[in-house]
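Enquirer: Take this structure, written in structure tokens, and hold onto it; I'll ask about it next.
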Amino acid sequence: MPQSSIREVARRAGVSVGTVSNVLNRPDLVAEATRDRVRAAIEELGFVRNESARRLRQGGRRADGGPPGPRPRPFGVVVEDLTNPYATDVARGAEQALNAAGHDALWLTNDHSADKERRCLELLEQQRAAGVLITPVGLGPAGIVRLRAAGMTVVLLDHAGPGVCSVRVDHVAGGAVAAAHLLGLGRERLAFVTGDPHPQPCQERLDGAARALARAGHEPAVTLTQASLSPKEGGAAARRLLALDPVPTGVFCANDLLAVGLVNELVRQGVRVPEDVAVIGYDDIELAATAAVPLTTIRQPRHELGRAAAELALTEAAEAAEGPGHQHRQIVLTPELVVRESA
């Protein structure tokens with residue numbers, strides 16, 4: 001469907017074009033009731049501001065002083081948490097592939113919030129992005145249809161969905177490998193430490209560990225849920241762990257940040273790692289190998305995941321320009337165990 005014009009928005013809201021412009025650019029100048037009416041009209045009409053045209057109207061120039069020229073449209077890379085080295089590694093892998101094809105990458109984070117995710121996607125629509133690579137929180141089939149109607153390709157990062165390209169890791173297999181390794185070390189009482197929010201990949205890791213325990217005839221692991229997937233919360237989990245009776249002898253953490261914080265606190269409490277408690281993380285971020293007790297972990301192919309997603313997005317964009325017929329692909333990557341000193 002063609003994009004609605006700013007004049008159509010003004011007519012629908014019963015205001016002037018200038019008022020619509022103020023709502024888009026200087027909302028503090030417009031009364032709240034009027035802002036709400038204009039935004040409702042924008043939503044009803046599916047209006048998306050053309051940022052490229054706006055910049056040209058403002059007389060944007062090239063860095064060399066020449067007249068503005070066409071540039072390849074950027075791609076958005078939306079991840080859950082850019083403070084997590086795993087997410088930045090995925091985004092970096094995607095950016096390298098996009099840059100090699102002549103496109104810029106716009107890094108955004110949804111912070112595990114569906115509302116912020118929506119704002120990120122609206123921004124990418126305004127920027128006329130060619131596509132988005134996203135670790136989704138609230139994005140569903142209807143949202144994907146809307147993005148495609150705005151001319152954007154969509155590739156899911158570490159998630160799968162019908163009718164869309166995706167690249168993910170087999171986290172069920174990763175969780176099973178982690179639990180099997182702890183059992184192989186003779187650890188009978190296991191705990192699983194995760195965070196809230198509890199993303200789908202973390203749940204899949206827990207599911208994989210539970211299946212491995214069931215196959216071996218062991219009881220389910222104790223699950224400790226912390227406020228976030230951070231080193232600080234890993235330390236808090238260690239204190240909770242030591243208060244259990246009996247204390248688990250093997251711990252599988254949903255990511256490396258939790259695991260590093262947990263190991264550090266165990267050591268401070270005089271617990272020997274791995275002699276008393278063996279600990280496994282997940283991701284294999286750089287910090288894992290350089291921690292005070294180098295971390296045994298499940299390595300995710302982070303850069304490969306980002307690169308593969310970017311290649312899918314570029315392929316879909318090129319095929320869409322040639323007409324219908326694109327076949328969506330779902331790529332599944334395999335994690336691997338990396339054994340160090342913690343387990």
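Starting from 1 in every chain, residues are counted up; chains themselves are A, B, ... following the order of the structure tokens, and ligands are numbered from 1 as listed.
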Range 109-142 of chain A near range 84-97 of chain A within 12 Å: what's each residue's closest atom pair and its distance in Å to one decimal, counting only C-alpha atoms, ordered by chain then ascending residue number, as JSON lines?
Expert:
```
{"residue": "A:Thr109", "atom": "CA", "partner": "A:Ala87", "partner_atom": "CA", "distance": 9.4}
{"residue": "A:Asn110", "atom": "CA", "partner": "A:Ala87", "partner_atom": "CA", "distance": 11.6}
{"residue": "A:Asp111", "atom": "CA", "partner": "A:Asn84", "partner_atom": "CA", "distance": 10.8}
{"residue": "A:Val132", "atom": "CA", "partner": "A:Ala94", "partner_atom": "CA", "distance": 10.7}
{"residue": "A:Leu133", "atom": "CA", "partner": "A:Ala94", "partner_atom": "CA", "distance": 8.4}
{"residue": "A:Ile134", "atom": "CA", "partner": "A:Ala91", "partner_atom": "CA", "distance": 9.8}
{"residue": "A:Thr135", "atom": "CA", "partner": "A:Ala87", "partner_atom": "CA", "distance": 9.4}
```
Enquirer: Could you give me, as a PyMOL selection string, each residue of range 156-264 of chain A that DSSP assigns to helix (DSSP H, G or I) when run on this structure's backbone?
Expert: chain A and resi 171-184+200-215+231-242+256-264
Enquirer: Give me the residues within 12 Å of Arg215 in chain A as a count of residues only, counting only C-alpha atoms and dropping any in the same chain fewer than 5 places off.
Expert: 8
Enquirer: Mind checking DSSP for range 14-257 of chain A and telling me the strand (DSSP E or B) residues as a ChimeraX atom specification?
Expert: /A:75-79,105-109,131-134,153-157,165-169,190-195,222-226,250-253
Enquirer: Give me a file of those residues, with C-alpha atoms, as a PDB file, in the first residue's frame.
Expert:
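Generated output (selection20.pdb):
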```
ATOM      1  CA  PHE A  75      19.742  -2.101   7.727  1.00  0.00           C
ATOM      2  CA  GLY A  76      18.686  -2.068  11.361  1.00  0.00           C
ATOM      3  CA  VAL A  77      20.155  -4.522  13.858  1.00  0.00           C
ATOM      4  CA  VAL A  78      17.898  -4.712  16.928  1.00  0.00           C
ATOM      5  CA  VAL A  79      19.155  -6.778  19.869  1.00  0.00           C
ATOM      6  CA  ALA A 105      24.140  -0.953  10.099  1.00  0.00           C
ATOM      7  CA  LEU A 106      22.023   0.930  12.642  1.00  0.00           C
ATOM      8  CA  TRP A 107      22.438  -0.713  16.059  1.00  0.00           C
ATOM      9  CA  LEU A 108      19.435  -0.488  18.372  1.00  0.00           C
ATOM     10  CA  THR A 109      18.403  -2.225  21.584  1.00  0.00           C
ATOM     11  CA  GLY A 131      15.517  -4.255   6.402  1.00  0.00           C
ATOM     12  CA  VAL A 132      15.875  -5.264  10.011  1.00  0.00           C
ATOM     13  CA  LEU A 133      17.707  -8.085  11.772  1.00  0.00           C
ATOM     14  CA  ILE A 134      15.993  -8.467  15.113  1.00  0.00           C
ATOM     15  CA  THR A 153      13.006  -7.232   4.816  1.00  0.00           C
ATOM     16  CA  VAL A 154      12.877  -8.997   8.191  1.00  0.00           C
ATOM     17  CA  VAL A 155      15.243 -11.633   9.580  1.00  0.00           C
ATOM     18  CA  LEU A 156      14.872 -13.024  13.100  1.00  0.00           C
ATOM     19  CA  LEU A 157      17.999 -13.414  15.259  1.00  0.00           C
ATOM     20  CA  CYS A 165      13.906 -15.904   7.456  1.00  0.00           C
ATOM     21  CA  SER A 166      15.748 -16.706  10.667  1.00  0.00           C
ATOM     22  CA  VAL A 167      19.103 -17.748  12.093  1.00  0.00           C
ATOM     23  CA  ARG A 168      19.205 -19.376  15.497  1.00  0.00           C
ATOM     24  CA  VAL A 169      21.297 -21.649  17.663  1.00  0.00           C
ATOM     25  CA  LEU A 190      22.471 -29.607  39.810  1.00  0.00           C
ATOM     26  CA  ALA A 191      21.123 -26.054  39.693  1.00  0.00           C
ATOM     27  CA  PHE A 192      20.151 -23.870  36.745  1.00  0.00           C
ATOM     28  CA  VAL A 193      20.534 -20.086  37.098  1.00  0.00           C
ATOM     29  CA  THR A 194      18.651 -17.771  34.762  1.00  0.00           C
ATOM     30  CA  GLY A 195      17.277 -14.224  34.730  1.00  0.00           C
ATOM     31  CA  VAL A 222      16.904 -26.546  41.082  1.00  0.00           C
ATOM     32  CA  THR A 223      16.078 -23.342  39.172  1.00  0.00           C
ATOM     33  CA  LEU A 224      17.173 -19.962  40.544  1.00  0.00           C
ATOM     34  CA  THR A 225      15.742 -16.920  38.754  1.00  0.00           C
ATOM     35  CA  GLN A 226      17.526 -13.606  39.208  1.00  0.00           C
ATOM     36  CA  GLY A 250      27.033 -28.469  39.701  1.00  0.00           C
ATOM     37  CA  VAL A 251      25.599 -25.224  38.297  1.00  0.00           C
ATOM     38  CA  PHE A 252      24.578 -24.378  34.742  1.00  0.00           C
ATOM     39  CA  CYS A 253      24.107 -20.638  34.125  1.00  0.00           C
TER      40      CYS A 253
END
```
Enquirer: Excluding Pro246 in chain A and residues on its chain fewer than 4 positions from it, collect all residues at most 10 Å away from it, counting only C-alpha atoms, and give them as an mmCIF file with all heavy atoms, in the first residue's frame.
Expert:
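Dumped everything to part.cif:
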```cif
data_model
loop_
_atom_site.group_PDB
_atom_site.id
_atom_site.type_symbol
_atom_site.label_atom_id
_atom_site.label_comp_id
_atom_site.auth_asym_id
_atom_site.auth_seq_id
_atom_site.Cartn_x
_atom_site.Cartn_y
_atom_site.Cartn_z
ATOM 1 N N ARG A 189 23.803 -33.250 42.198
ATOM 2 C CA ARG A 189 22.810 -32.219 42.533
ATOM 3 C C ARG A 189 23.104 -30.981 41.696
ATOM 4 O O ARG A 189 24.118 -30.297 41.917
ATOM 5 C CB ARG A 189 22.867 -31.891 44.033
ATOM 6 C CG ARG A 189 22.595 -33.080 44.931
ATOM 7 C CD ARG A 189 22.567 -32.687 46.405
ATOM 8 N NE ARG A 189 23.806 -32.032 46.828
ATOM 9 C CZ ARG A 189 24.905 -32.697 47.180
ATOM 10 N NH1 ARG A 189 24.921 -34.026 47.152
ATOM 11 N NH2 ARG A 189 25.984 -32.046 47.581
ATOM 12 N N LEU A 241 22.436 -19.959 46.403
ATOM 13 C CA LEU A 241 22.859 -21.349 46.201
ATOM 14 C C LEU A 241 23.422 -21.942 47.491
ATOM 15 O O LEU A 241 23.100 -23.072 47.880
ATOM 16 C CB LEU A 241 23.910 -21.383 45.092
ATOM 17 C CG LEU A 241 24.324 -22.734 44.539
ATOM 18 C CD1 LEU A 241 23.289 -23.217 43.525
ATOM 19 C CD2 LEU A 241 25.692 -22.630 43.867
ATOM 20 N N LEU A 242 24.257 -21.152 48.167
ATOM 21 C CA LEU A 242 24.903 -21.649 49.388
ATOM 22 C C LEU A 242 23.921 -21.784 50.539
ATOM 23 O O LEU A 242 24.223 -22.461 51.531
ATOM 24 C CB LEU A 242 26.051 -20.713 49.770
ATOM 25 C CG LEU A 242 27.222 -20.664 48.767
ATOM 26 C CD1 LEU A 242 28.268 -19.641 49.199
ATOM 27 C CD2 LEU A 242 27.838 -22.039 48.585
#
```
Enquirer: Env of Ala150 in chain A: 7 Å cut, atoms = only C-alpha atoms, seq-sep filter 3 positions within chain, self excluded. Answer as a count of residues only.
Expert: 3
Enquirer: One number please: CA of Ser113 in chain A to CA of Val137 in chain A, in Å, one decimal.
Expert: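 Separating CA of Ser113 in chain A from CA of Val137 in chain A is a distance of 6.5 Å.
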Enquirer: Find the residues near range 5-14 of chain A: any atom within 9 Å, counting only C-alpha atoms, skip ones fewer than 2 places away on the same chain, and give them as number ranges by chain.
Expert: A: 3, 16-21, 34, 37-42, 44-45, 47-49
Enquirer: Based on the selection just made, write N, CA, C and O atoms of those residues as an mmCIF file, in the first residue's frame.
Expert:
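And here is the file that came out, selection-v8.cif:
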```cif
data_model
loop_
_atom_site.group_PDB
_atom_site.id
_atom_site.type_symbol
_atom_site.label_atom_id
_atom_site.label_comp_id
_atom_site.auth_asym_id
_atom_site.auth_seq_id
_atom_site.Cartn_x
_atom_site.Cartn_y
_atom_site.Cartn_z
ATOM 1 N N GLN A 3 2.351 4.874 0.944
ATOM 2 C CA GLN A 3 2.401 5.576 2.222
ATOM 3 C C GLN A 3 1.469 6.796 2.180
ATOM 4 O O GLN A 3 1.403 7.520 1.187
ATOM 5 N N SER A 16 -3.927 21.400 10.944
ATOM 6 C CA SER A 16 -3.123 21.876 9.822
ATOM 7 C C SER A 16 -1.919 20.982 9.599
ATOM 8 O O SER A 16 -1.512 20.221 10.487
ATOM 9 N N VAL A 17 -1.341 21.099 8.395
ATOM 10 C CA VAL A 17 -0.113 20.361 8.092
ATOM 11 C C VAL A 17 0.997 20.776 9.057
ATOM 12 O O VAL A 17 1.789 19.955 9.510
ATOM 13 N N GLY A 18 1.024 22.051 9.416
ATOM 14 C CA GLY A 18 2.048 22.532 10.347
ATOM 15 C C GLY A 18 1.932 21.876 11.713
ATOM 16 O O GLY A 18 2.942 21.586 12.364
ATOM 17 N N THR A 19 0.693 21.633 12.151
ATOM 18 C CA THR A 19 0.498 20.970 13.447
ATOM 19 C C THR A 19 1.019 19.536 13.398
ATOM 20 O O THR A 19 1.658 19.061 14.336
ATOM 21 N N VAL A 20 0.756 18.838 12.288
ATOM 22 C CA VAL A 20 1.275 17.479 12.133
ATOM 23 C C VAL A 20 2.800 17.507 12.164
ATOM 24 O O VAL A 20 3.442 16.673 12.815
ATOM 25 N N SER A 21 3.384 18.480 11.473
ATOM 26 C CA SER A 21 4.839 18.594 11.466
ATOM 27 C C SER A 21 5.382 18.817 12.871
ATOM 28 O O SER A 21 6.401 18.233 13.262
ATOM 29 N N THR A 34 -4.414 17.227 21.180
ATOM 30 C CA THR A 34 -4.160 17.328 19.736
ATOM 31 C C THR A 34 -3.100 16.322 19.308
ATOM 32 O O THR A 34 -3.217 15.687 18.251
ATOM 33 N N ARG A 37 -4.671 12.996 18.945
ATOM 34 C CA ARG A 37 -5.507 12.895 17.754
ATOM 35 C C ARG A 37 -4.655 12.700 16.498
ATOM 36 O O ARG A 37 -4.979 11.876 15.636
ATOM 37 N N VAL A 38 -3.554 13.425 16.418
ATOM 38 C CA VAL A 38 -2.661 13.297 15.265
ATOM 39 C C VAL A 38 -2.006 11.919 15.241
ATOM 40 O O VAL A 38 -1.919 11.264 14.196
ATOM 41 N N ARG A 39 -1.565 11.464 16.399
ATOM 42 C CA ARG A 39 -0.923 10.146 16.446
ATOM 43 C C ARG A 39 -1.904 9.044 16.109
ATOM 44 O O ARG A 39 -1.544 8.047 15.487
ATOM 45 N N ALA A 40 -3.161 9.209 16.497
ATOM 46 C CA ALA A 40 -4.180 8.217 16.129
ATOM 47 C C ALA A 40 -4.369 8.191 14.616
ATOM 48 O O ALA A 40 -4.509 7.114 14.012
ATOM 49 N N ALA A 41 -4.361 9.365 13.991
ATOM 50 C CA ALA A 41 -4.494 9.431 12.532
ATOM 51 C C ALA A 41 -3.293 8.795 11.847
ATOM 52 O O ALA A 41 -3.435 8.092 10.830
ATOM 53 N N ILE A 42 -2.121 9.042 12.395
ATOM 54 C CA ILE A 42 -0.905 8.434 11.840
ATOM 55 C C ILE A 42 -0.999 6.908 11.882
ATOM 56 O O ILE A 42 -0.683 6.211 10.915
ATOM 57 N N GLU A 44 -3.776 5.060 12.100
ATOM 58 C CA GLU A 44 -4.860 4.576 11.239
ATOM 59 C C GLU A 44 -4.446 4.548 9.769
ATOM 60 O O GLU A 44 -4.806 3.636 9.025
ATOM 61 N N LEU A 45 -3.692 5.546 9.360
ATOM 62 C CA LEU A 45 -3.311 5.656 7.950
ATOM 63 C C LEU A 45 -2.020 4.914 7.619
ATOM 64 O O LEU A 45 -1.674 4.768 6.452
ATOM 65 N N PHE A 47 0.946 6.041 8.269
ATOM 66 C CA PHE A 47 1.889 7.040 7.774
ATOM 67 C C PHE A 47 3.277 6.818 8.355
ATOM 68 O O PHE A 47 3.434 6.561 9.541
ATOM 69 N N VAL A 48 4.304 6.897 7.496
ATOM 70 C CA VAL A 48 5.704 6.833 7.926
ATOM 71 C C VAL A 48 6.438 8.005 7.299
ATOM 72 O O VAL A 48 6.412 8.196 6.076
ATOM 73 N N ARG A 49 7.073 8.809 8.112
ATOM 74 C CA ARG A 49 7.781 9.982 7.620
ATOM 75 C C ARG A 49 8.997 9.568 6.796
ATOM 76 O O ARG A 49 9.760 8.680 7.178
#
```
Enquirer: If you measure from CA of Gly163 in chain A to CA of Gly175 in chain A, what distance in Å do you get, rounded to one decimal?
Expert: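 Result for CA of Gly163 in chain A versus CA of Gly175 in chain A: 27.1 Å, one decimal.
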